$ cat upload22.cif   # mmCIF, C-alpha atoms and all ligand atoms
data_model
#
loop_
_atom_site.group_PDB
_atom_site.id
_atom_site.type_symbol
_atom_site.label_atom_id
_atom_site.label_comp_id
_atom_site.auth_asym_id
_atom_site.auth_seq_id
_atom_site.Cartn_x
_atom_site.Cartn_y
_atom_site.Cartn_z
ATOM 1 C CA MET I 1 166.739 144.544 20.620
ATOM 2 C CA ASP I 2 163.389 143.147 21.841
ATOM 3 C CA VAL I 3 163.411 141.563 25.288
ATOM 4 C CA LEU I 4 160.703 139.532 27.014
ATOM 5 C CA ASP I 5 160.816 139.636 30.839
ATOM 6 C CA VAL I 6 159.052 136.502 32.101
ATOM 7 C CA GLY I 7 157.605 136.801 35.616
ATOM 8 C CA CYS I 8 158.652 140.451 35.608
ATOM 9 C CA GLY I 9 157.072 141.214 38.998
ATOM 10 C CA THR I 10 157.518 144.907 39.684
ATOM 11 C CA GLY I 11 159.999 145.151 36.812
ATOM 12 C CA ILE I 12 163.250 145.239 38.769
ATOM 13 C CA ALA I 13 165.201 143.467 36.004
ATOM 14 C CA GLY I 14 163.157 144.581 32.997
ATOM 15 C CA ARG I 15 163.449 148.267 33.870
ATOM 16 C CA ARG I 16 167.241 147.964 33.922
ATOM 17 C CA PHE I 17 167.151 146.608 30.378
ATOM 18 C CA GLN I 18 164.908 149.526 29.412
ATOM 19 C CA ALA I 19 167.486 151.871 30.937
ATOM 20 C CA ALA I 20 170.038 150.194 28.624
ATOM 21 C CA GLU I 21 167.756 151.179 25.721
ATOM 22 C CA ARG I 22 166.262 147.780 25.025
ATOM 23 C CA THR I 23 162.571 147.405 24.231
ATOM 24 C CA VAL I 24 161.080 145.258 26.980
ATOM 25 C CA LEU I 25 157.717 143.546 27.388
ATOM 26 C CA GLY I 26 156.837 141.965 30.743
ATOM 27 C CA VAL I 27 154.621 138.928 31.315
ATOM 28 C CA GLU I 28 153.334 138.647 34.872
ATOM 29 C CA PRO I 29 150.344 136.777 36.356
ATOM 30 C CA ASP I 30 149.914 138.997 39.417
ATOM 31 C CA PRO I 31 147.898 142.083 38.442
ATOM 32 C CA ARG I 32 149.196 144.197 41.326
ATOM 33 C CA MET I 33 152.821 143.462 40.442
ATOM 34 C CA ALA I 34 152.019 144.140 36.793
ATOM 35 C CA GLY I 35 150.308 147.416 37.730
ATOM 36 C CA PHE I 36 153.349 148.525 39.739
ATOM 37 C CA ALA I 37 155.671 147.777 36.795
ATOM 38 C CA SER I 38 153.483 149.388 34.151
ATOM 39 C CA ALA I 39 153.007 152.519 36.299
ATOM 40 C CA ARG I 40 156.813 152.841 36.056
ATOM 41 C CA GLY I 41 156.854 152.540 32.299
ATOM 42 C CA LEU I 42 157.266 148.800 31.687
ATOM 43 C CA PRO I 43 154.513 147.435 29.430
ATOM 44 C CA VAL I 44 153.166 144.221 30.968
ATOM 45 C CA GLU I 45 150.676 141.588 29.841
ATOM 46 C CA VAL I 46 148.916 139.836 32.730
ATOM 47 C CA ALA I 47 149.238 136.056 32.291
ATOM 48 C CA THR I 48 151.339 133.108 33.303
ATOM 49 C CA PHE I 49 154.082 132.438 30.791
ATOM 50 C CA GLU I 50 152.487 129.082 30.017
ATOM 51 C CA ASP I 51 149.108 130.697 29.133
ATOM 52 C CA TRP I 52 150.437 133.901 27.602
ATOM 53 C CA GLN I 53 149.443 134.412 23.962
ATOM 54 C CA PRO I 54 152.377 135.805 21.968
ATOM 55 C CA GLY I 55 150.546 135.810 18.625
ATOM 56 C CA ASN I 56 153.244 136.113 16.008
ATOM 57 C CA ARG I 57 155.581 138.221 18.149
ATOM 58 C CA THR I 58 159.181 137.071 18.593
ATOM 59 C CA PHE I 59 162.089 138.323 20.750
ATOM 60 C CA ASP I 60 165.879 138.560 20.714
ATOM 61 C CA ALA I 61 166.173 137.692 24.396
ATOM 62 C CA ILE I 62 164.056 136.272 27.189
ATOM 63 C CA LEU I 63 164.836 137.054 30.818
ATOM 64 C CA ALA I 64 163.612 135.183 33.849
ATOM 65 C CA ALA I 65 164.879 136.975 36.938
ATOM 66 C CA GLN I 66 164.237 134.816 40.030
ATOM 67 C CA SER I 67 161.059 133.531 38.370
ATOM 68 C CA TRP I 68 161.803 130.384 36.338
ATOM 69 C CA HIS I 69 161.163 128.120 39.351
ATOM 70 C CA TRP I 70 157.472 129.141 39.154
ATOM 71 C CA ILE I 71 157.143 128.058 35.548
ATOM 72 C CA ASP I 72 156.564 124.545 34.253
ATOM 73 C CA PRO I 73 160.124 123.643 33.226
ATOM 74 C CA VAL I 74 159.164 121.632 30.133
ATOM 75 C CA ALA I 75 156.326 123.832 28.814
ATOM 76 C CA GLY I 76 158.315 126.961 29.678
ATOM 77 C CA ALA I 77 161.418 125.840 27.801
ATOM 78 C CA ALA I 78 159.322 124.882 24.743
ATOM 79 C CA LYS I 79 157.520 128.224 24.782
ATOM 80 C CA ALA I 80 160.784 130.129 25.119
ATOM 81 C CA ALA I 81 162.134 128.267 22.097
ATOM 82 C CA ALA I 82 158.963 129.123 20.134
ATOM 83 C CA VAL I 83 159.146 132.888 20.711
ATOM 84 C CA LEU I 84 162.905 133.399 20.366
ATOM 85 C CA ARG I 85 164.308 134.587 17.072
ATOM 86 C CA PRO I 86 167.141 132.541 15.535
ATOM 87 C CA GLY I 87 170.274 133.128 17.644
ATOM 88 C CA GLY I 88 168.179 134.593 20.466
ATOM 89 C CA ARG I 89 169.022 133.980 24.113
ATOM 90 C CA LEU I 90 167.169 132.712 27.133
ATOM 91 C CA ALA I 91 168.775 134.110 30.296
ATOM 92 C CA ILE I 92 167.546 132.621 33.565
ATOM 93 C CA PHE I 93 169.044 134.078 36.694
ATOM 94 C CA GLY I 94 168.608 134.456 40.410
ATOM 95 C CA HIS I 95 170.443 135.052 43.642
ATOM 96 C CA THR I 96 170.623 133.531 47.069
ATOM 97 C CA TYR I 97 172.570 133.975 50.273
ATOM 98 C CA GLU I 98 173.326 132.204 53.510
ATOM 99 C CA PRO I 99 174.537 133.465 56.882
ATOM 100 C CA PRO I 100 177.031 131.403 58.909
ATOM 101 C CA ALA I 101 175.718 128.127 60.347
ATOM 102 C CA ALA I 102 176.166 129.562 63.863
ATOM 103 C CA VAL I 103 173.412 132.040 62.998
ATOM 104 C CA ALA I 104 171.379 129.900 60.566
ATOM 105 C CA GLU I 105 170.896 126.993 63.031
ATOM 106 C CA PRO I 106 169.454 129.083 65.919
ATOM 107 C CA PHE I 107 167.257 130.865 63.353
ATOM 108 C CA ALA I 108 165.874 127.535 62.107
ATOM 109 C CA ALA I 109 165.417 126.252 65.690
ATOM 110 C CA ALA I 110 163.406 129.385 66.588
ATOM 111 C CA VAL I 111 161.279 129.017 63.435
ATOM 112 C CA ARG I 112 160.654 125.367 64.399
ATOM 113 C CA ARG I 113 159.325 126.546 67.785
ATOM 114 C CA VAL I 114 157.025 129.290 66.509
ATOM 115 C CA ALA I 115 156.105 128.021 63.018
ATOM 116 C CA PRO I 116 156.909 124.303 62.754
ATOM 117 C CA ASP I 117 155.330 123.981 59.300
ATOM 118 C CA SER I 118 157.482 126.698 57.770
ATOM 119 C CA PRO I 119 159.882 125.592 55.006
ATOM 120 C CA PHE I 120 162.538 127.495 56.979
ATOM 121 C CA SER I 121 162.208 125.263 60.047
ATOM 122 C CA GLY I 122 164.319 122.386 58.711
ATOM 123 C CA GLN I 123 167.004 120.544 60.564
ATOM 124 C CA PRO I 124 169.776 121.136 59.684
ATOM 125 C CA ALA I 125 169.047 124.703 58.625
ATOM 126 C CA ARG I 126 168.649 125.445 54.921
ATOM 127 C CA ARG I 127 171.996 125.962 53.176
ATOM 128 C CA PRO I 128 170.804 127.379 49.867
ATOM 129 C CA LEU I 129 174.051 128.017 47.972
ATOM 130 C CA ALA I 130 174.608 124.417 46.912
ATOM 131 C CA PHE I 131 170.865 123.885 46.443
ATOM 132 C CA TYR I 132 170.564 126.783 43.998
ATOM 133 C CA ARG I 133 173.438 125.600 41.888
ATOM 134 C CA SER I 134 171.995 122.069 41.696
ATOM 135 C CA GLU I 135 168.569 123.464 40.732
ATOM 136 C CA TYR I 136 170.108 125.434 37.873
ATOM 137 C CA ILE I 137 171.765 122.274 36.622
ATOM 138 C CA LYS I 138 168.299 120.605 36.514
ATOM 139 C CA VAL I 139 166.832 123.608 34.662
ATOM 140 C CA ASN I 140 169.696 123.297 32.229
ATOM 141 C CA ASP I 141 168.771 119.640 31.601
ATOM 142 C CA ARG I 142 165.108 120.520 30.866
ATOM 143 C CA ILE I 143 166.220 123.197 28.406
ATOM 144 C CA GLY I 144 168.592 120.766 26.717
ATOM 145 C CA GLU I 145 165.741 118.269 26.263
ATOM 146 C CA THR I 146 163.872 120.701 23.976
ATOM 147 C CA GLY I 147 166.607 120.192 21.373
ATOM 148 C CA SER I 148 166.054 123.845 20.399
ATOM 149 C CA PHE I 149 168.999 125.395 22.182
ATOM 150 C CA GLY I 150 172.733 125.205 21.760
ATOM 151 C CA ASP I 151 175.106 124.542 24.646
ATOM 152 C CA PRO I 152 174.079 126.564 27.685
ATOM 153 C CA GLU I 153 176.531 128.493 29.799
ATOM 154 C CA LEU I 154 176.270 128.492 33.592
ATOM 155 C CA TRP I 155 177.832 131.538 35.209
ATOM 156 C CA GLN I 156 178.186 131.926 38.967
ATOM 157 C CA PHE I 157 179.122 135.127 40.743
ATOM 158 C CA ASP I 158 180.084 134.710 44.397
ATOM 159 C CA TRP I 159 179.882 137.587 46.801
ATOM 160 C CA GLN I 160 180.064 138.288 50.478
ATOM 161 C CA GLN I 161 178.317 141.045 52.322
ATOM 162 C CA THR I 162 178.687 142.075 55.921
ATOM 163 C CA TYR I 163 175.745 143.306 57.951
ATOM 164 C CA SER I 164 175.807 144.721 61.441
ATOM 165 C CA SER I 165 173.623 142.676 63.765
ATOM 166 C CA ALA I 166 171.073 145.508 63.781
ATOM 167 C CA GLN I 167 170.997 145.571 59.956
ATOM 168 C CA TRP I 168 170.594 141.794 59.855
ATOM 169 C CA LEU I 169 167.743 141.893 62.374
ATOM 170 C CA GLU I 170 166.104 144.660 60.369
ATOM 171 C CA LEU I 171 166.401 142.687 57.128
ATOM 172 C CA LEU I 172 165.143 139.333 58.453
ATOM 173 C CA PRO I 173 161.462 140.319 58.947
ATOM 174 C CA THR I 174 161.299 141.391 55.283
ATOM 175 C CA THR I 175 162.336 137.919 54.050
ATOM 176 C CA GLY I 176 159.847 135.357 52.801
ATOM 177 C CA GLY I 177 159.887 133.050 55.816
ATOM 178 C CA LEU I 178 158.939 135.789 58.279
ATOM 179 C CA THR I 179 156.652 138.259 56.533
ATOM 180 C CA ARG I 180 153.478 136.326 57.346
ATOM 181 C CA LEU I 181 154.263 135.568 60.977
ATOM 182 C CA ARG I 182 152.688 137.463 63.886
ATOM 183 C CA ALA I 183 154.706 140.172 65.630
ATOM 184 C CA ASP I 184 155.255 137.993 68.720
ATOM 185 C CA GLN I 185 156.496 135.089 66.549
ATOM 186 C CA GLN I 186 158.870 137.414 64.702
ATOM 187 C CA ALA I 187 160.118 138.856 67.996
ATOM 188 C CA GLU I 188 160.982 135.389 69.352
ATOM 189 C CA ILE I 189 162.947 134.568 66.206
ATOM 190 C CA LEU I 190 164.772 137.892 66.178
ATOM 191 C CA THR I 191 165.713 137.529 69.820
ATOM 192 C CA ALA I 192 167.137 134.055 69.129
ATOM 193 C CA VAL I 193 169.137 135.352 66.166
ATOM 194 C CA GLY I 194 170.390 138.367 68.132
ATOM 195 C CA ASP I 195 171.542 136.010 70.891
ATOM 196 C CA ALA I 196 173.278 133.796 68.328
ATOM 197 C CA VAL I 197 175.190 136.751 66.896
ATOM 198 C CA ASP I 198 176.286 137.770 70.383
ATOM 199 C CA VAL I 199 177.476 134.267 71.161
ATOM 200 C CA LEU I 200 179.249 134.001 67.811
ATOM 201 C CA HIS I 201 181.354 137.047 68.541
ATOM 202 C CA HIS I 202 181.670 137.325 72.263
ATOM 203 C CA GLY I 203 180.584 134.111 73.921
ATOM 204 C CA LEU I 204 178.022 136.104 75.902
ATOM 205 C CA HIS I 205 176.104 133.005 77.069
ATOM 206 C CA ASP I 206 176.682 133.747 80.715
ATOM 207 C CA THR I 207 175.553 137.339 80.664
ATOM 208 C CA ARG I 208 172.432 136.968 78.544
ATOM 209 C CA ARG I 209 170.122 136.565 81.506
ATOM 210 C CA ASP I 210 171.357 139.871 82.943
ATOM 211 C CA ARG I 211 171.409 141.918 79.803
ATOM 212 C CA ARG I 212 168.671 144.337 80.543
ATOM 213 C CA GLY I 213 170.364 145.404 83.753
ATOM 214 C CA SER I 214 173.906 145.380 82.433
ATOM 215 C CA PRO I 215 175.620 148.754 82.369
ATOM 216 C CA HIS I 216 177.631 147.617 79.345
ATOM 217 C CA LEU I 217 174.890 146.419 77.030
ATOM 218 C CA ARG I 218 172.363 148.634 75.403
ATOM 219 C CA PRO I 219 169.809 148.317 72.588
ATOM 220 C CA SER I 220 170.972 148.987 69.063
ATOM 221 C CA SER I 221 170.142 152.456 67.857
ATOM 222 C CA GLY I 222 169.897 151.755 64.105
ATOM 223 C CA GLY I 223 167.753 148.645 64.047
ATOM 224 C CA ARG I 224 164.211 147.558 64.641
ATOM 225 C CA ASP I 225 163.062 147.623 68.266
ATOM 226 C CA THR I 226 162.746 143.923 68.973
ATOM 227 C CA GLY I 227 162.810 144.239 72.699
ATOM 228 C CA HIS I 228 166.221 142.609 72.462
ATOM 229 C CA ALA I 229 168.545 144.325 74.871
ATOM 230 C CA ALA I 230 171.925 143.415 73.476
ATOM 231 C CA LEU I 231 172.207 144.007 69.784
ATOM 232 C CA THR I 232 175.479 145.836 70.173
ATOM 233 C CA THR I 233 178.758 144.738 71.622
ATOM 234 C CA VAL I 234 179.935 145.669 75.071
ATOM 235 C CA ALA I 235 181.895 148.427 73.382
ATOM 236 C CA GLY I 236 178.766 149.662 71.608
ATOM 237 C CA LEU I 237 180.026 148.560 68.185
ATOM 238 C CA PRO I 238 177.753 146.727 65.762
ATOM 239 C CA LEU I 239 178.399 142.986 65.608
ATOM 240 C CA PRO I 240 179.045 141.829 62.055
ATOM 241 C CA VAL I 241 177.222 139.001 60.290
ATOM 242 C CA HIS I 242 179.069 137.871 57.157
ATOM 243 C CA VAL I 243 176.706 136.531 54.519
ATOM 244 C CA ASP I 244 177.869 134.450 51.556
ATOM 245 C CA GLY I 245 175.850 134.664 48.388
ATOM 246 C CA ILE I 246 175.771 133.640 44.766
ATOM 247 C CA ARG I 247 174.182 134.931 41.634
ATOM 248 C CA VAL I 248 173.653 132.281 39.004
ATOM 249 C CA LEU I 249 173.010 132.972 35.352
ATOM 250 C CA LEU I 250 172.109 130.305 32.833
ATOM 251 C CA VAL I 251 172.339 131.450 29.245
ATOM 252 C CA ALA I 252 170.906 129.214 26.542
ATOM 253 C CA HIS I 253 171.411 130.140 22.902
ATOM 254 C CA GLY I 254 168.428 129.600 20.662
HETATM 255 C C1 LIG V 301 160.519 136.319 42.941
HETATM 256 S S1 LIG V 301 159.444 137.182 41.829
HETATM 257 C C2 LIG V 301 160.637 137.911 40.717
HETATM 258 C C3 LIG V 301 160.097 139.165 40.083
HETATM 259 C C4 LIG V 301 161.055 139.914 39.177
HETATM 260 N N1 LIG V 301 161.468 139.128 38.026
HETATM 261 C C5 LIG V 301 162.258 140.419 39.932
HETATM 262 O O1 LIG V 301 163.391 140.009 39.618
HETATM 263 O O2 LIG V 301 162.108 141.221 40.862
HETATM 264 C C6 LIG V 301 158.723 135.844 40.861
HETATM 265 C C7 LIG V 301 157.654 136.326 39.922
HETATM 266 O O3 LIG V 301 157.230 135.241 39.093
HETATM 267 C C8 LIG V 301 155.831 135.397 38.884
HETATM 268 N N2 LIG V 301 155.260 134.115 38.413
HETATM 269 C C9 LIG V 301 154.738 133.120 39.174
HETATM 270 N N3 LIG V 301 154.275 132.119 38.380
HETATM 271 C C10 LIG V 301 154.512 132.494 37.103
HETATM 272 C C11 LIG V 301 154.231 131.901 35.835
HETATM 273 N N4 LIG V 301 153.673 130.677 35.724
HETATM 274 N N5 LIG V 301 154.566 132.593 34.708
HETATM 275 C C12 LIG V 301 155.162 133.798 34.805
HETATM 276 N N6 LIG V 301 155.450 134.406 35.983
HETATM 277 C C13 LIG V 301 155.136 133.768 37.128
HETATM 278 C C14 LIG V 301 155.326 135.867 40.244
HETATM 279 O O4 LIG V 301 154.031 136.437 40.166
HETATM 280 C C15 LIG V 301 156.421 136.849 40.646
HETATM 281 O O5 LIG V 301 156.153 138.158 40.207
#

$ encode --input "upload22.cif" --output "structure tokens"
Amino acid sequence: MDVLDVGCGTGIAGRRFQAAERTVLGVEPDPRMAGFASARGLPVEVATFEDWQPGNRTFDAILAAQSWHWIDPVAGAAKAAAVLRPGGRLAIFGHTYEPPAAVAEPFAAAVRRVAPDSPFSGQPARRPLAFYRSEYIKVNDRIGETGSFGDPELWQFDWQQTYSSAQWLELLPTTGGLTRLRADQQAEILTAVGDAVDVLHHGLHDTRRDRRGSPHLRPSSGGRDTGHAALTTVAGLPLPVHVDGIRVLLVAHG
């Protein structure tokens, strides 16, 4: 089976298909991403999907793992139809997650203070689960307009993951909204989120001012040193943050 991985990035999805003994070709416009993937054994051609020249090559399946939103939806759907073999499949998928509003709102408020132009500074805070599903429905419509695909299937996989507060605060700086901020901007946001987690679980509003001197509160051992003095509970246990997520898969039959 020949698979085309569109916007393959470092090859996270494509390499799994290789491991399942499929033949995979990646198309990726970023040469550093492409270099990373090809150094790990995934052949990659450097181009946008729109500009990529397939010649007379065709494929049994096309993947777009968290990448279709970068591609022109009309030109991309037409190109996918052109390079799929009869009965081939276009599989567009992605994932998203959202923490509870009690954590998401203080996060967005802190981003508004330190980086007001950030797309993560909105009010109310971004709630991406519903947004993602509605975006996939629009993608589905564009694919349908090509007239080249049969009825698509939309699959949704819901999941929930629990992070300790220290794990959550360690993860946040690696996410898209924070990676380009200065260390002091990140620290202000992480402190606000750490406070929100404390309040969510223990109503610690009244003690926050005294944290550094409190005999009960101490910095988390596992997480990033944010200068935040109370990332663990009074009992020293990690505070949980429950995160809801979805994975959405749109499968269109050529
Ligand atoms: C969020 S990354 C996903 C990477 C990979 N598929 C994965 O699952 O890890 C989106 C990728 O789409 C690529 N991309 C952006 N515009 C594109 C385009 N017009 N055609 C193909 N890929 C594109 C980016 O360079 C990036 O590598």

$ residues_around --input "upload22.cif" --residues "Gln160 of chain I" --least-positions-apart "5" --cutoff "9 Å" --atoms "all atoms listed in the file" --output "MDAnalysis selection string"
chainID I and resid 97 242:246

$ atom_distance --input "upload22.cif" --atom1 "atom C2 of ligand LIG 301 (chain V)" --atom2 "atom CA of Arg133 of chain I"
17.8 Å

$ atom_distance --input "upload22.cif" --atom1 "atom CA of Arg142 of chain I" --atom2 "atom CA of Asp5 of chain I"
19.6 Å

$ closest_atom_pairs --input "upload22.cif" --of "chain I" --to "ligand LIG 301 (chain V)" --cutoff "7 Å" --atoms "all atoms listed in the file" --output "CSV"
residue,atom,partner,partner_atom,distance
I:Val6,CA,V:LIG301,C12,5.5
I:Gly7,CA,V:LIG301,N6,3.2
I:Cys8,CA,V:LIG301,N1,3.9
I:Gly9,CA,V:LIG301,O5,3.4
I:Thr10,CA,V:LIG301,O2,6.0
I:Gly11,CA,V:LIG301,C4,5.8
I:Ile12,CA,V:LIG301,O2,4.7
I:Ala13,CA,V:LIG301,O1,5.3
I:Val27,CA,V:LIG301,C12,6.2
I:Glu28,CA,V:LIG301,N6,4.9
I:Pro29,CA,V:LIG301,O4,5.3
I:Asp30,CA,V:LIG301,O4,4.9
I:Met33,CA,V:LIG301,O5,6.3
I:Ala47,CA,V:LIG301,N5,6.8
I:Thr48,CA,V:LIG301,N5,3.6
I:Phe49,CA,V:LIG301,N5,3.9
I:Glu50,CA,V:LIG301,N4,6.0
I:Ala64,CA,V:LIG301,N1,6.1
I:Ala65,CA,V:LIG301,N1,4.2
I:Gln66,CA,V:LIG301,C2,4.8
I:Ser67,CA,V:LIG301,C6,4.1
I:Trp70,CA,V:LIG301,N3,4.4
I:Ile71,CA,V:LIG301,N4,4.4
I:Asp72,CA,V:LIG301,N4,6.9

$ closest_residue --input "upload22.cif" --among "I:Arg113, I:Leu249, I:Ala78, I:Leu25" --to "Gln185 of chain I" --atoms "only C-alpha atoms"
I:Arg113

$ closest_residue --input "upload22.cif" --among "I:Gln167, I:Gln123, I:Thr146, I:Ser38" --to "Val111 of chain I" --atoms "only C-alpha atoms"
I:Gln123

$ resolve_selection --input "upload22.cif" --expression "the PyMOL selection byres (((chain I and resi 85) around 6) and not hetatm)" --output "JSON list (two decimals) with C-alpha atoms, in the coordinates of the input"
[["chain", "number", "residue", "atom", "x", "y", "z"],
["I", 58, "THR", "CA", 159.18, 137.07, 18.59],
["I", 59, "PHE", "CA", 162.09, 138.32, 20.75],
["I", 60, "ASP", "CA", 165.88, 138.56, 20.71],
["I", 84, "LEU", "CA", 162.90, 133.40, 20.37],
["I", 86, "PRO", "CA", 167.14, 132.54, 15.54],
["I", 88, "GLY", "CA", 168.18, 134.59, 20.47]]

$ closest_residue --input "upload22.cif" --among "I:Ala102, I:Ala166, I:Ala39, I:Val114" --to "Val199 of chain I" --atoms "all atoms listed in the file"
I:Ala102

$ atom_distance --input "upload22.cif" --atom1 "atom CA of Ala104 of chain I" --atom2 "atom CA of Leu172 of chain I"
11.5 Å

$ resolve_selection --input "upload22.cif" --expression "the PyMOL selection byres (((chain I and resi 128) around 7) and not hetatm)" --output "PyMOL selection string"
chain I and resi 96-98+126-127+129-132

$ closest_residue --input "upload22.cif" --among "I:Ala187, I:Leu200, I:Met1, I:Gly150" --to "Ala81 of chain I" --atoms "all atoms listed in the file"
I:Gly150

$ resolve_selection --input "upload22.cif" --expression "the PyMOL selection byres (((chain I and resi 188-195) around 7) and not hetatm)" --output "PDB file with C-alpha atoms, in the coordinates of the input"
ATOM      1  CA  VAL I 103     173.412 132.040  62.998  1.00  0.00           C
ATOM      2  CA  PRO I 106     169.454 129.083  65.919  1.00  0.00           C
ATOM      3  CA  PHE I 107     167.257 130.865  63.353  1.00  0.00           C
ATOM      4  CA  ALA I 110     163.406 129.385  66.588  1.00  0.00           C
ATOM      5  CA  VAL I 111     161.279 129.017  63.435  1.00  0.00           C
ATOM      6  CA  SER I 165     173.623 142.676  63.765  1.00  0.00           C
ATOM      7  CA  LEU I 169     167.743 141.893  62.374  1.00  0.00           C
ATOM      8  CA  ASP I 184     155.255 137.993  68.720  1.00  0.00           C
ATOM      9  CA  GLN I 185     156.496 135.089  66.549  1.00  0.00           C
ATOM     10  CA  GLN I 186     158.870 137.414  64.702  1.00  0.00           C
ATOM     11  CA  ALA I 187     160.118 138.856  67.996  1.00  0.00           C
ATOM     12  CA  ALA I 196     173.278 133.796  68.328  1.00  0.00           C
ATOM     13  CA  VAL I 197     175.190 136.751  66.896  1.00  0.00           C
ATOM     14  CA  ASP I 198     176.286 137.770  70.383  1.00  0.00           C
ATOM     15  CA  VAL I 199     177.476 134.267  71.161  1.00  0.00           C
ATOM     16  CA  THR I 226     162.746 143.923  68.973  1.00  0.00           C
ATOM     17  CA  HIS I 228     166.221 142.609  72.462  1.00  0.00           C
ATOM     18  CA  LEU I 231     172.207 144.007  69.784  1.00  0.00           C
TER      19      LEU I 231
END

$ closest_residue --input "upload22.cif" --among "I:Val24, I:Ala19, I:Val251, I:Leu178" --to "Ala91 of chain I" --atoms "all atoms listed in the file"
I:Val251
